[in-house]
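Trainee: So here's work07.txt, just compact mmCIF, C-alpha atoms and all ligand atoms:
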```
# COMPACT_ATOMS: atom_id res chain seq x y z
CA MET A 1 3.09 26.21 20.10
CA LEU A 2 2.08 23.28 17.95
CA SER A 3 -1.44 21.90 18.04
CA LYS A 4 -1.97 18.63 19.94
CA ARG A 5 -2.67 17.03 16.59
CA ALA A 6 0.68 18.05 15.11
CA ALA A 7 2.72 17.48 18.26
CA SER A 8 1.80 13.80 18.51
CA LEU A 9 2.32 13.05 14.81
CA LYS A 10 5.50 11.33 13.70
CA PRO A 11 6.78 11.33 10.13
CA SER A 12 6.35 8.26 7.93
CA PRO A 13 9.02 5.72 9.05
CA THR A 14 9.39 4.26 5.57
CA LEU A 15 10.10 7.67 4.06
CA ALA A 16 12.55 8.27 6.94
CA ILE A 17 14.47 5.06 6.14
CA SER A 18 14.62 5.97 2.44
CA ALA A 19 16.02 9.36 3.47
CA LYS A 20 18.69 7.74 5.69
CA GLU A 21 19.57 5.34 2.89
CA LYS A 22 19.96 8.23 0.42
CA ALA A 23 22.09 10.20 2.90
CA LEU A 24 24.51 7.27 3.38
CA LYS A 25 24.72 6.74 -0.38
CA ALA A 26 25.53 10.43 -0.81
CA GLN A 27 28.50 9.91 1.52
CA GLY A 28 29.78 7.32 -0.94
CA ILE A 29 28.81 4.29 1.15
CA ASP A 30 27.72 1.31 -0.93
CA ILE A 31 24.27 0.62 0.52
CA ALA A 32 22.10 -2.31 -0.55
CA GLY A 33 18.76 -0.55 -0.26
CA PHE A 34 15.54 -2.47 0.26
CA GLY A 35 13.63 0.54 1.56
CA ALA A 36 12.00 1.77 -1.65
CA GLY A 37 8.25 2.18 -1.64
CA GLU A 38 8.01 2.88 -5.35
CA PRO A 39 8.71 1.09 -8.65
CA ASP A 40 12.30 1.51 -9.89
CA PHE A 41 10.96 1.75 -13.46
CA ASP A 42 10.64 5.02 -15.35
CA THR A 43 7.20 6.33 -16.25
CA PRO A 44 6.45 4.99 -19.77
CA ALA A 45 7.30 7.39 -22.61
CA HIS A 46 3.77 7.75 -23.99
CA ILE A 47 2.57 8.92 -20.57
CA LYS A 48 5.37 11.47 -20.26
CA GLU A 49 4.59 12.73 -23.77
CA ALA A 50 0.97 13.32 -22.78
CA ALA A 51 2.18 15.56 -19.96
CA VAL A 52 4.53 17.49 -22.25
CA LYS A 53 1.66 17.96 -24.68
CA ALA A 54 -0.57 19.21 -21.84
CA ILE A 55 2.03 21.85 -20.99
CA ASN A 56 2.49 22.92 -24.61
CA ASP A 57 -1.30 23.07 -25.04
CA ASN A 58 -1.43 25.36 -22.01
CA PHE A 59 -3.51 22.87 -20.07
CA THR A 60 -2.06 24.50 -17.00
CA ARG A 61 -4.97 26.15 -15.23
CA TYR A 62 -7.33 25.08 -12.46
CA THR A 63 -9.50 22.15 -13.42
CA PRO A 64 -12.72 21.07 -11.70
CA VAL A 65 -11.80 20.21 -8.10
CA ALA A 66 -12.84 16.54 -8.42
CA GLY A 67 -10.89 15.99 -11.65
CA ILE A 68 -11.59 16.45 -15.36
CA ASP A 69 -14.46 14.49 -16.88
CA PRO A 70 -12.35 12.54 -19.42
CA LEU A 71 -10.18 11.23 -16.57
CA LYS A 72 -13.23 10.34 -14.48
CA ASP A 73 -14.62 8.52 -17.50
CA ALA A 74 -11.34 6.62 -17.94
CA ILE A 75 -11.51 5.59 -14.26
CA ILE A 76 -15.13 4.50 -14.71
CA GLU A 77 -14.02 2.47 -17.75
CA LYS A 78 -11.19 0.91 -15.72
CA PHE A 79 -13.62 -0.27 -13.01
CA LYS A 80 -15.96 -1.68 -15.67
CA ARG A 81 -13.15 -3.47 -17.53
CA ASP A 82 -11.18 -4.81 -14.57
CA ASN A 83 -13.76 -5.26 -11.84
CA ASP A 84 -17.15 -5.35 -13.58
CA LEU A 85 -18.15 -2.41 -11.39
CA THR A 86 -20.37 0.37 -12.71
CA TYR A 87 -19.87 3.88 -11.35
CA LYS A 88 -21.20 7.28 -12.34
CA ARG A 89 -19.10 10.45 -12.50
CA GLU A 90 -20.46 11.67 -9.15
CA GLU A 91 -19.16 8.48 -7.55
CA ILE A 92 -15.55 9.19 -8.59
CA LEU A 93 -13.05 11.65 -7.09
CA VAL A 94 -9.55 12.29 -8.42
CA SER A 95 -7.08 13.38 -5.72
CA CYS A 96 -3.37 14.18 -5.32
CA GLY A 97 -2.24 10.56 -4.87
CA GLY A 98 -3.83 7.50 -3.32
CA LYS A 99 -2.68 8.73 0.07
CA HIS A 100 -4.67 11.92 -0.44
CA SER A 101 -7.74 9.87 -1.46
CA LEU A 102 -7.49 7.97 1.83
CA TYR A 103 -6.86 11.16 3.80
CA ASN A 104 -9.94 12.89 2.37
CA LEU A 105 -12.01 9.79 3.01
CA PHE A 106 -10.92 9.48 6.64
CA GLN A 107 -11.67 13.16 7.21
CA VAL A 108 -15.26 12.80 6.02
CA LEU A 109 -16.01 9.40 7.54
CA PHE A 110 -14.30 9.36 10.95
CA GLN A 111 -14.52 11.44 14.10
CA GLU A 112 -14.07 11.33 17.88
CA GLY A 113 -15.64 8.22 19.36
CA ASP A 114 -15.24 6.11 16.21
CA GLU A 115 -13.17 2.96 16.04
CA VAL A 116 -11.53 1.90 12.79
CA ILE A 117 -10.25 -1.64 12.45
CA VAL A 118 -6.83 -1.97 10.85
CA PRO A 119 -5.55 -5.49 10.12
CA ALA A 120 -1.84 -5.89 10.93
CA PRO A 121 0.65 -5.99 9.32
CA PHE A 122 -0.64 -2.62 8.05
CA TRP A 123 0.56 0.17 5.80
CA VAL A 124 2.26 2.69 8.08
CA SER A 125 0.01 5.64 7.24
CA TYR A 126 -3.37 4.18 8.27
CA PRO A 127 -3.13 4.58 12.07
CA PRO A 128 -1.84 8.19 12.05
CA MET A 129 -4.34 9.22 9.38
CA ILE A 130 -7.17 7.70 11.44
CA GLU A 131 -5.92 9.59 14.51
CA LEU A 132 -5.71 12.84 12.53
CA ALA A 133 -9.44 12.42 11.91
CA GLY A 134 -9.98 12.08 15.68
CA ALA A 135 -10.87 8.38 15.59
CA LYS A 136 -9.17 5.41 17.23
CA PRO A 137 -7.32 2.78 15.19
CA VAL A 138 -8.03 -0.73 16.47
CA ILE A 139 -5.17 -2.97 15.43
CA MET A 140 -6.27 -6.50 14.53
CA GLN A 141 -3.42 -9.02 14.26
CA THR A 142 -3.40 -11.57 11.46
CA ARG A 143 -0.95 -14.46 11.27
CA GLU A 144 1.64 -15.68 8.81
CA GLU A 145 0.56 -19.29 9.37
CA ASP A 146 -3.00 -18.33 8.30
CA ASP A 147 -1.79 -16.53 5.13
CA TYR A 148 -2.59 -13.26 6.94
CA GLN A 149 -6.33 -13.82 6.54
CA VAL A 150 -9.01 -11.73 8.22
CA THR A 151 -11.60 -14.34 9.10
CA GLU A 152 -15.12 -13.84 10.39
CA GLU A 153 -13.96 -15.11 13.77
CA ILE A 154 -11.05 -12.64 14.09
CA LEU A 155 -13.08 -9.69 12.84
CA LYS A 156 -16.02 -10.42 15.18
CA LYS A 157 -13.67 -10.24 18.17
CA HIS A 158 -12.80 -6.64 17.27
CA LEU A 159 -16.26 -5.31 16.44
CA THR A 160 -17.94 -2.96 18.89
CA PRO A 161 -20.90 -0.58 18.53
CA LYS A 162 -18.28 2.11 17.83
CA THR A 163 -16.81 0.32 14.79
CA LYS A 164 -17.10 2.74 11.90
CA ALA A 165 -15.02 0.94 9.28
CA VAL A 166 -12.51 -1.75 8.51
CA ILE A 167 -9.53 -1.02 6.29
CA LEU A 168 -8.67 -3.66 3.71
CA ASN A 169 -5.47 -3.43 1.69
CA TYR A 170 -4.89 -6.24 -0.78
CA PRO A 171 -2.48 -7.08 -2.25
CA SER A 172 -1.01 -5.64 0.90
CA ASN A 173 1.91 -3.47 1.76
CA PRO A 174 4.05 -4.80 3.54
CA VAL A 175 3.25 -8.52 3.01
CA GLY A 176 1.81 -8.90 -0.48
CA SER A 177 -0.99 -10.95 1.04
CA VAL A 178 -4.53 -11.10 -0.35
CA PHE A 179 -7.87 -12.20 1.11
CA TYR A 180 -9.60 -15.44 0.13
CA ARG A 181 -12.97 -14.95 -1.53
CA GLU A 182 -14.86 -16.57 1.37
CA ASN A 183 -13.26 -14.20 3.85
CA LEU A 184 -14.10 -11.13 1.73
CA GLU A 185 -17.66 -12.41 1.69
CA ALA A 186 -17.69 -12.81 5.46
CA ILE A 187 -16.29 -9.28 5.93
CA GLY A 188 -18.95 -7.87 3.60
CA ARG A 189 -21.74 -9.68 5.39
CA LEU A 190 -20.53 -8.44 8.79
CA ALA A 191 -20.34 -4.89 7.42
CA VAL A 192 -24.01 -5.07 6.41
CA GLU A 193 -25.08 -6.74 9.66
CA HIS A 194 -23.14 -4.37 11.95
CA ASP A 195 -23.44 -1.28 9.76
CA PHE A 196 -19.83 -0.29 9.16
CA PHE A 197 -17.94 0.85 6.07
CA ILE A 198 -15.26 -0.97 4.11
CA VAL A 199 -12.26 1.03 2.94
CA SER A 200 -10.64 -1.00 0.19
CA ASP A 201 -7.15 0.14 -0.75
CA GLU A 202 -6.53 -1.63 -4.07
CA ILE A 203 -3.51 0.36 -5.21
CA TYR A 204 -1.54 -2.88 -5.95
CA GLU A 205 -4.37 -4.52 -7.90
CA LYS A 206 -2.35 -4.81 -11.11
CA LEU A 207 0.93 -5.93 -9.57
CA VAL A 208 0.03 -9.58 -8.99
CA TYR A 209 1.92 -12.83 -9.49
CA ASP A 210 1.39 -16.34 -10.70
CA ASP A 211 -2.29 -17.17 -11.15
CA TYR A 212 -3.70 -14.74 -8.64
CA LYS A 213 -6.67 -12.73 -9.90
CA HIS A 214 -7.71 -9.68 -7.88
CA ILE A 215 -11.33 -9.50 -6.70
CA SER A 216 -12.65 -6.18 -5.47
CA ILE A 217 -14.95 -6.70 -2.49
CA ALA A 218 -17.27 -4.04 -3.94
CA SER A 219 -17.90 -6.24 -6.99
CA MET A 220 -19.06 -9.25 -4.99
CA ASP A 221 -22.47 -8.00 -3.93
CA ASN A 222 -24.39 -4.78 -4.45
CA VAL A 223 -24.93 -4.40 -0.71
CA PHE A 224 -21.13 -4.53 -0.21
CA ARG A 225 -20.62 -1.96 -2.97
CA GLU A 226 -22.99 0.45 -1.20
CA ARG A 227 -20.73 0.58 1.86
CA THR A 228 -17.33 0.24 0.20
CA ILE A 229 -15.05 3.06 -0.84
CA ILE A 230 -12.24 1.94 -3.13
CA CYS A 231 -9.00 3.94 -2.98
CA HIS A 232 -6.71 3.49 -5.92
CA GLY A 233 -4.23 5.39 -8.07
CA VAL A 234 -1.71 5.37 -10.89
CA SER A 235 1.45 5.58 -8.71
CA LYS A 236 2.29 1.90 -8.46
CA THR A 237 0.70 0.51 -11.63
CA TYR A 238 2.33 2.97 -14.03
CA ALA A 239 5.48 3.95 -12.10
CA MET A 240 4.01 7.41 -11.51
CA THR A 241 4.67 8.01 -7.81
CA GLY A 242 5.89 11.57 -8.33
CA TRP A 243 2.92 12.64 -10.42
CA ARG A 244 0.48 12.47 -7.49
CA ILE A 245 -2.73 11.12 -8.94
CA GLY A 246 -5.02 8.88 -6.91
CA TYR A 247 -8.72 8.23 -7.16
CA SER A 248 -11.61 6.90 -5.14
CA ALA A 249 -14.94 5.33 -6.00
CA GLY A 250 -17.88 5.03 -3.67
CA PRO A 251 -21.32 6.31 -2.67
CA ALA A 252 -22.03 9.75 -4.17
CA GLY A 253 -22.70 11.41 -0.79
CA ILE A 254 -19.30 10.39 0.57
CA ILE A 255 -17.48 11.27 -2.64
CA LYS A 256 -19.12 14.71 -2.65
CA ALA A 257 -18.05 15.37 0.96
CA MET A 258 -14.49 14.30 0.10
CA GLY A 259 -14.57 16.74 -2.82
CA ASN A 260 -15.59 19.50 -0.40
CA ILE A 261 -12.57 18.79 1.81
CA GLN A 262 -10.40 18.79 -1.29
CA SER A 263 -11.89 22.09 -2.48
CA GLN A 264 -10.89 23.71 0.82
CA SER A 265 -7.39 22.24 0.94
CA THR A 266 -5.59 21.34 -2.29
CA SER A 267 -8.19 22.20 -4.98
CA ASN A 268 -7.74 20.09 -8.10
CA PRO A 269 -4.91 17.60 -8.62
CA THR A 270 -2.27 18.95 -11.03
CA SER A 271 -3.80 19.52 -14.47
CA ILE A 272 -0.71 18.15 -16.26
CA SER A 273 -0.66 14.98 -14.16
CA GLN A 274 -4.35 14.43 -14.84
CA MET A 275 -3.60 14.39 -18.58
CA ALA A 276 -0.76 11.93 -17.97
CA ALA A 277 -3.03 9.71 -15.85
CA LEU A 278 -5.68 9.80 -18.57
CA THR A 279 -3.15 8.46 -21.07
CA ALA A 280 -1.91 5.89 -18.53
CA LEU A 281 -5.41 4.46 -18.03
CA THR A 282 -6.54 4.58 -21.67
CA GLY A 283 -3.26 3.93 -23.52
CA ASN A 284 -1.25 0.80 -24.18
CA GLN A 285 -1.07 -1.37 -21.04
CA ASP A 286 1.90 -3.57 -22.07
CA PHE A 287 4.22 -1.78 -19.67
CA ILE A 288 2.45 -3.40 -16.71
CA SER A 289 3.15 -7.00 -17.72
CA THR A 290 6.79 -6.17 -18.48
CA MET A 291 7.22 -4.64 -15.03
CA VAL A 292 5.33 -7.46 -13.31
CA ALA A 293 7.47 -10.12 -15.04
CA GLU A 294 10.62 -8.46 -13.73
CA PHE A 295 9.14 -8.07 -10.23
CA LYS A 296 8.20 -11.75 -10.24
CA ARG A 297 11.75 -12.80 -11.11
CA ARG A 298 13.08 -10.77 -8.18
CA LYS A 299 10.36 -11.97 -5.81
CA ASP A 300 11.02 -15.63 -6.58
CA PHE A 301 14.74 -15.14 -5.99
CA LEU A 302 14.19 -13.30 -2.71
CA VAL A 303 11.66 -15.74 -1.28
CA LYS A 304 13.90 -18.69 -2.14
CA SER A 305 17.03 -17.01 -0.73
CA LEU A 306 15.36 -15.86 2.49
CA ARG A 307 13.79 -19.25 3.12
CA ALA A 308 17.25 -20.79 2.73
CA ILE A 309 18.52 -18.81 5.73
CA ASP A 310 18.41 -20.95 8.85
CA GLY A 311 15.35 -20.14 10.98
CA VAL A 312 13.84 -17.61 8.57
CA THR A 313 10.37 -18.10 7.09
CA CYS A 314 8.80 -15.95 4.37
CA TYR A 315 5.30 -15.62 2.93
CA ASP A 316 5.33 -15.84 -0.87
CA PRO A 317 3.66 -12.56 -1.96
CA LYS A 318 0.66 -12.72 -4.28
CA GLY A 319 1.13 -9.08 -5.22
CA ALA A 320 2.86 -5.71 -4.58
CA PHE A 321 6.67 -5.50 -4.45
CA TYR A 322 7.65 -6.39 -0.91
CA VAL A 323 8.63 -9.50 1.01
CA PHE A 324 8.06 -9.70 4.75
CA PRO A 325 10.38 -12.38 6.14
CA ASN A 326 10.06 -13.59 9.71
CA PHE A 327 13.28 -13.18 11.71
CA SER A 328 11.74 -14.04 15.10
CA SER A 329 14.15 -16.95 15.46
CA VAL A 330 17.15 -14.60 15.72
CA MET A 331 15.55 -12.37 18.35
CA GLY A 332 17.55 -12.51 21.55
CA LYS A 333 20.82 -13.34 19.76
CA LYS A 334 23.86 -11.08 19.88
CA HIS A 335 26.23 -9.37 17.44
CA LYS A 336 29.34 -8.24 19.31
CA ASN A 337 27.76 -6.32 22.20
CA ARG A 338 24.49 -5.61 20.47
CA VAL A 339 21.52 -7.68 21.64
CA ILE A 340 19.07 -8.19 18.77
CA ASP A 341 15.85 -8.02 20.74
CA THR A 342 13.64 -6.14 18.28
CA SER A 343 13.23 -5.74 14.53
CA THR A 344 14.38 -2.12 14.98
CA VAL A 345 17.73 -3.22 16.47
CA LEU A 346 18.13 -5.79 13.69
CA THR A 347 17.47 -3.05 11.13
CA GLU A 348 20.07 -0.79 12.77
CA LEU A 349 22.63 -3.61 12.80
CA LEU A 350 22.01 -4.35 9.11
CA LEU A 351 22.42 -0.70 8.19
CA ASP A 352 25.41 0.17 10.44
CA GLU A 353 27.52 -2.96 10.04
CA PHE A 354 26.30 -4.56 6.83
CA HIS A 355 25.23 -1.49 4.83
CA THR A 356 21.84 -2.97 4.05
CA ALA A 357 18.68 -0.90 4.43
CA VAL A 358 15.41 -2.64 5.36
CA VAL A 359 12.33 -1.52 7.32
CA PRO A 360 11.57 -3.04 10.75
CA GLY A 361 8.34 -5.02 10.95
CA VAL A 362 7.26 -3.24 14.12
CA GLU A 363 6.51 -0.13 12.02
CA PHE A 364 3.83 -2.22 10.31
CA GLY A 365 2.51 -3.57 13.59
CA LYS A 366 4.41 -6.88 13.50
CA GLU A 367 7.49 -7.40 15.68
CA GLY A 368 10.17 -9.88 14.61
CA TYR A 369 9.73 -9.29 10.90
CA LEU A 370 11.49 -7.11 8.28
CA ARG A 371 10.15 -5.55 5.10
CA LEU A 372 12.31 -5.71 2.00
CA SER A 373 11.20 -3.97 -1.15
CA PHE A 374 12.19 -5.58 -4.42
CA ALA A 375 11.63 -2.41 -6.40
CA THR A 376 15.38 -2.37 -6.89
CA SER A 377 17.85 -4.06 -9.24
CA MET A 378 18.71 -7.76 -9.15
CA ASP A 379 22.36 -6.79 -8.51
CA ILE A 380 21.43 -4.95 -5.35
CA ILE A 381 19.10 -7.74 -4.28
CA GLU A 382 21.85 -10.36 -4.66
CA LYS A 383 24.36 -8.19 -2.83
CA GLY A 384 21.89 -7.45 -0.02
CA ILE A 385 20.95 -11.10 0.43
CA ASP A 386 24.63 -12.03 0.78
CA ARG A 387 25.01 -9.36 3.46
CA ILE A 388 21.91 -10.48 5.37
CA LYS A 389 23.15 -14.09 5.27
CA LYS A 390 26.51 -12.96 6.60
CA ALA A 391 24.86 -10.93 9.38
CA VAL A 392 22.71 -13.86 10.51
CA ALA A 393 25.73 -16.19 10.40
CA GLU A 394 27.63 -13.84 12.71
CA LEU A 395 24.92 -13.81 15.36
CA THR A 396 25.63 -15.79 18.49
C1 LIG A 401 1.89 3.57 -2.14
C2 LIG A 401 0.63 3.30 -1.39
C3 LIG A 401 -0.49 4.15 -1.43
C4 LIG A 401 -0.60 5.47 -2.14
O1 LIG A 401 0.39 5.94 -2.86
P1 LIG A 401 0.26 7.33 -3.64
O2 LIG A 401 1.62 7.54 -4.20
O3 LIG A 401 -0.15 8.36 -2.65
O4 LIG A 401 -0.76 7.13 -4.70
C5 LIG A 401 -1.64 3.78 -0.76
N1 LIG A 401 -1.71 2.64 -0.08
C6 LIG A 401 -0.66 1.80 -0.01
C7 LIG A 401 -0.82 0.55 0.76
C8 LIG A 401 0.54 2.10 -0.64
O5 LIG A 401 1.58 1.26 -0.52
```
Starting from the coordinates I provided, produce the structure as structure tokens.

Mentor:
Amino acid sequence: MLSKRAASLKPSPTLAISAKEKALKAQGIDIAGFGAGEPDFDTPAHIKEAAVKAINDNFTRYTPVAGIDPLKDAIIEKFKRDNDLTYKREEILVSCGGKHSLYNLFQVLFQEGDEVIVPAPFWVSYPPMIELAGAKPVIMQTREEDDYQVTEEILKKHLTPKTKAVILNYPSNPVGSVFYRENLEAIGRLAVEHDFFIVSDEIYEKLVYDDYKHISIASMDNVFRERTIICHGVSKTYAMTGWRIGYSAGPAGIIKAMGNIQSQSTSNPTSISQMAALTALTGNQDFISTMVAEFKRRKDFLVKSLRAIDGVTCYDPKGAFYVFPNFSSVMGKKHKNRVIDTSTVLTELLLDEFHTAVVPGVEFGKEGYLRLSFATSMDIIEKGIDRIKKAVAELT
């Protein structure tokens, strides 16, 4: 018999769609896949070489559970350089991916009786990870017409004496939205006033477009920093999703407790990957701007093409590599005998009849929308857009 915890847990829907997409491709079907949750770029050569060197140098044994000191120092340097934040080694934990950083954090911070506020649209893993820690996710809707902002007014409506934390993810997955400075300030002030923590998932910090400059909420005021835990990693910035290196920065007591969980579960992150991450953070950074320039080209094309479809609106992402178009206007229409009444049915139609893989917005807490990743080639993007246009044109 499975535990209650395991029985109620469903697998990540985005990973499930990627799996379905791969299975159809393996059957020889020409799928335009927008499901990817990872850069389509290869890990830069100098980073791969650092890993090869680590193997040849026999850097293949256990390391300290919380990560090797040179990597912690490189992370400290990154926060200084990019965010003007000063951390000590005991305020940094290296984990097996950003997801693992968040998991460890939720395990040490949350328990039965706690409420954790999650702004929607949200990254699919937050609610189940909060539940795994025994706490209750409180979904807080934000709106496309407000640039998906969390304002003081919206947040106040969701605060209760049980509120333990609010999760911020900006630039966000699935929208690519970011918070205005004044709203970050309001969130920070409420956190101090009502004594809750801020979990700041800044994994897309470096993948930003146009003139947007990322501001970490922790850097805005020392009293915000004291109650903020930043979760970050090398997966998205350096096209290193398979290497599994994430890191967190926050109050020493929390970081130490997270390290204890890690010491009783995974032990250290892979020694070889730590060496690769060290080179990623300290080596030449030119790769990032090359990747971002290509992402921007694809984003601009997608936003323009989606907005040109009758009835479809689309937020122009400030960061990350997803667009989140609004297809509410087609809800209720029909394709042959299929009634398109949810984003899930629309997703099934696109996959079955038009061989185009997207993720339904409802998985991110927002019905009527779709998520399209542009971490895929321009050829596929153009092909997929043509298919989506055709699908919408065939709806009656
Ligand atoms: C990809 C992602 C992560 C973590 O990814 P890892 O590969 O585990 O480092 C965390 N948060 C969001 C919002 C993501 O999209």

Trainee: Counting all atoms listed in the file, what are the residues, protein, DNA or RNA alike, that approach ligand LIG 401 (chain A) to within 7 Å? I want them as a ChimeraX atom specification.

Mentor: /A:37-38,97-100,123,169,172-173,201,203,233-236,241,244-246

Trainee: Can you find the residues with an atom no farther than 6 Å from (-10.7, 14.5, -11.1), counting all atoms listed in the file, and report them as a ChimeraX atom specification?

Mentor: /A:66-68,72,93-94

Trainee: What's around Ala391 (chain A) at 10 Å? Count all atoms listed in the file, leave out sequence neighbours fewer than 5 positions away in its own chain, and write the answer as a list of chain:residue names.

Mentor: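 Those residues are A:His335, A:Leu346, A:Leu349, A:Leu350, A:Glu353, A:Phe354, A:Ile385, A:Asp386.
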
Trainee: Check the smallest atom-to-atom distance from each of A:Ala16, A:Ile117, A:Ile230, A:Ile31 to Leu105 (chain A) using only C-alpha atoms, then report the winner.

Mentor: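 Nearest to Leu105 (chain A): A:Ile230.
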
Trainee: Using all atoms listed in the file, pick whichever of A:Ala7, A:Ala74, A:Ile167, A:Tyr204 has the shortest atom-to-atom distance to Tyr126 (chain A).

Mentor: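 Looking at the shortest contact to Tyr126 (chain A), the residue is A:Ile167.
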
Trainee: Please build the interface table for region 206-269 of chain A against region 298-305 of chain A with a cut-off of 12 Å, listing for each qualifying residue the nearest atom pair and the distance in Å to one decimal; count only C-alpha atoms, order rows by chain and increasing number, and write it as a Markdown table.

Mentor:
```
| residue | atom | partner | partner_atom | distance |
| --- | --- | --- | --- | --- |
| A:Leu207 | CA | A:Lys299 | CA | 11.8 |
| A:Val208 | CA | A:Lys299 | CA | 11.1 |
| A:Tyr209 | CA | A:Lys299 | CA | 9.2 |
| A:Asp210 | CA | A:Asp300 | CA | 10.5 |
```

Trainee: Could the residues in this selection be saved with C-alpha atoms as a compact mmCIF listing (two decimals), in the coordinates of the input?

Mentor:
```
# COMPACT_ATOMS: atom_id res chain seq x y z
CA LEU A 207 0.93 -5.93 -9.57
CA VAL A 208 0.03 -9.58 -8.99
CA TYR A 209 1.92 -12.83 -9.49
CA ASP A 210 1.39 -16.34 -10.70
```

Trainee: CA of Val339 (chain A) to CA of Asp147 (chain A): how many Å, to one decimal?

Mentor: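 Taking CA of Val339 (chain A) and CA of Asp147 (chain A), their separation equals 29.9 Å.
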
Trainee: Using only C-alpha atoms, which of A:Lys78, A:Arg189, A:Lys162, A:Arg371 sits nearest Lys206 (chain A)?

Mentor: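 Closest to Lys206 (chain A), using only C-alpha atoms: A:Lys78.
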
Trainee: Counting all atoms listed in the file, which of A:Pro121, A:Gly365, A:Pro70, A:Gly176 gets nearest to Leu281 (chain A)?

Mentor: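 Residue with the minimum atom-to-atom distance to Leu281 (chain A): A:Pro70.
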
Trainee: Kindly give the distance, in Å, that separates CA of Asn337 (chain A) and CA of Glu382 (chain A), rounded to a single decimal.

Mentor: 27.8 Å

Trainee: One number please: CA of Gly368 (chain A) to CA of Met331 (chain A), in Å, one decimal.

Mentor: 7.0 Å

Trainee: Of the candidates A:Ser263, A:Ser3, A:Ser219, A:Ser289, which one gets nearest to Tyr238 (chain A) if we count all atoms listed in the file?

Mentor: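 Of A:Ser263, A:Ser3, A:Ser219, A:Ser289, the one nearest Tyr238 (chain A) is A:Ser289, counting all atoms listed in the file.
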
Trainee: Smallest atom-to-atom distance to Glu367 (chain A): which of A:Met240, A:Met275, A:Ile380, A:Val345, using only C-alpha atoms?

Mentor: A:Val345

Trainee: Which residues come within 12 Å of Ala45 (chain A), counting all atoms listed in the file, excluding same-chain residues fewer than 3 positions away, as JSON, numbers by chain?

Mentor: {"A": [41, 42, 48, 49, 50, 51, 52, 238, 239, 240, 276, 279, 280, 283, 284, 287]}

Trainee: Please provide as a list in words all residues within 10 Å of Lys20 (chain A), with the sequence filter that same-chain residues fewer than 4 positions apart are discarded (counting all atoms listed in the file).

Mentor: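 Here the qualifying residues turn out to be Thr14, Leu15, Ala16, Leu24, Lys25, Ala26, Gly35, Leu351 and Ala357 of chain A.
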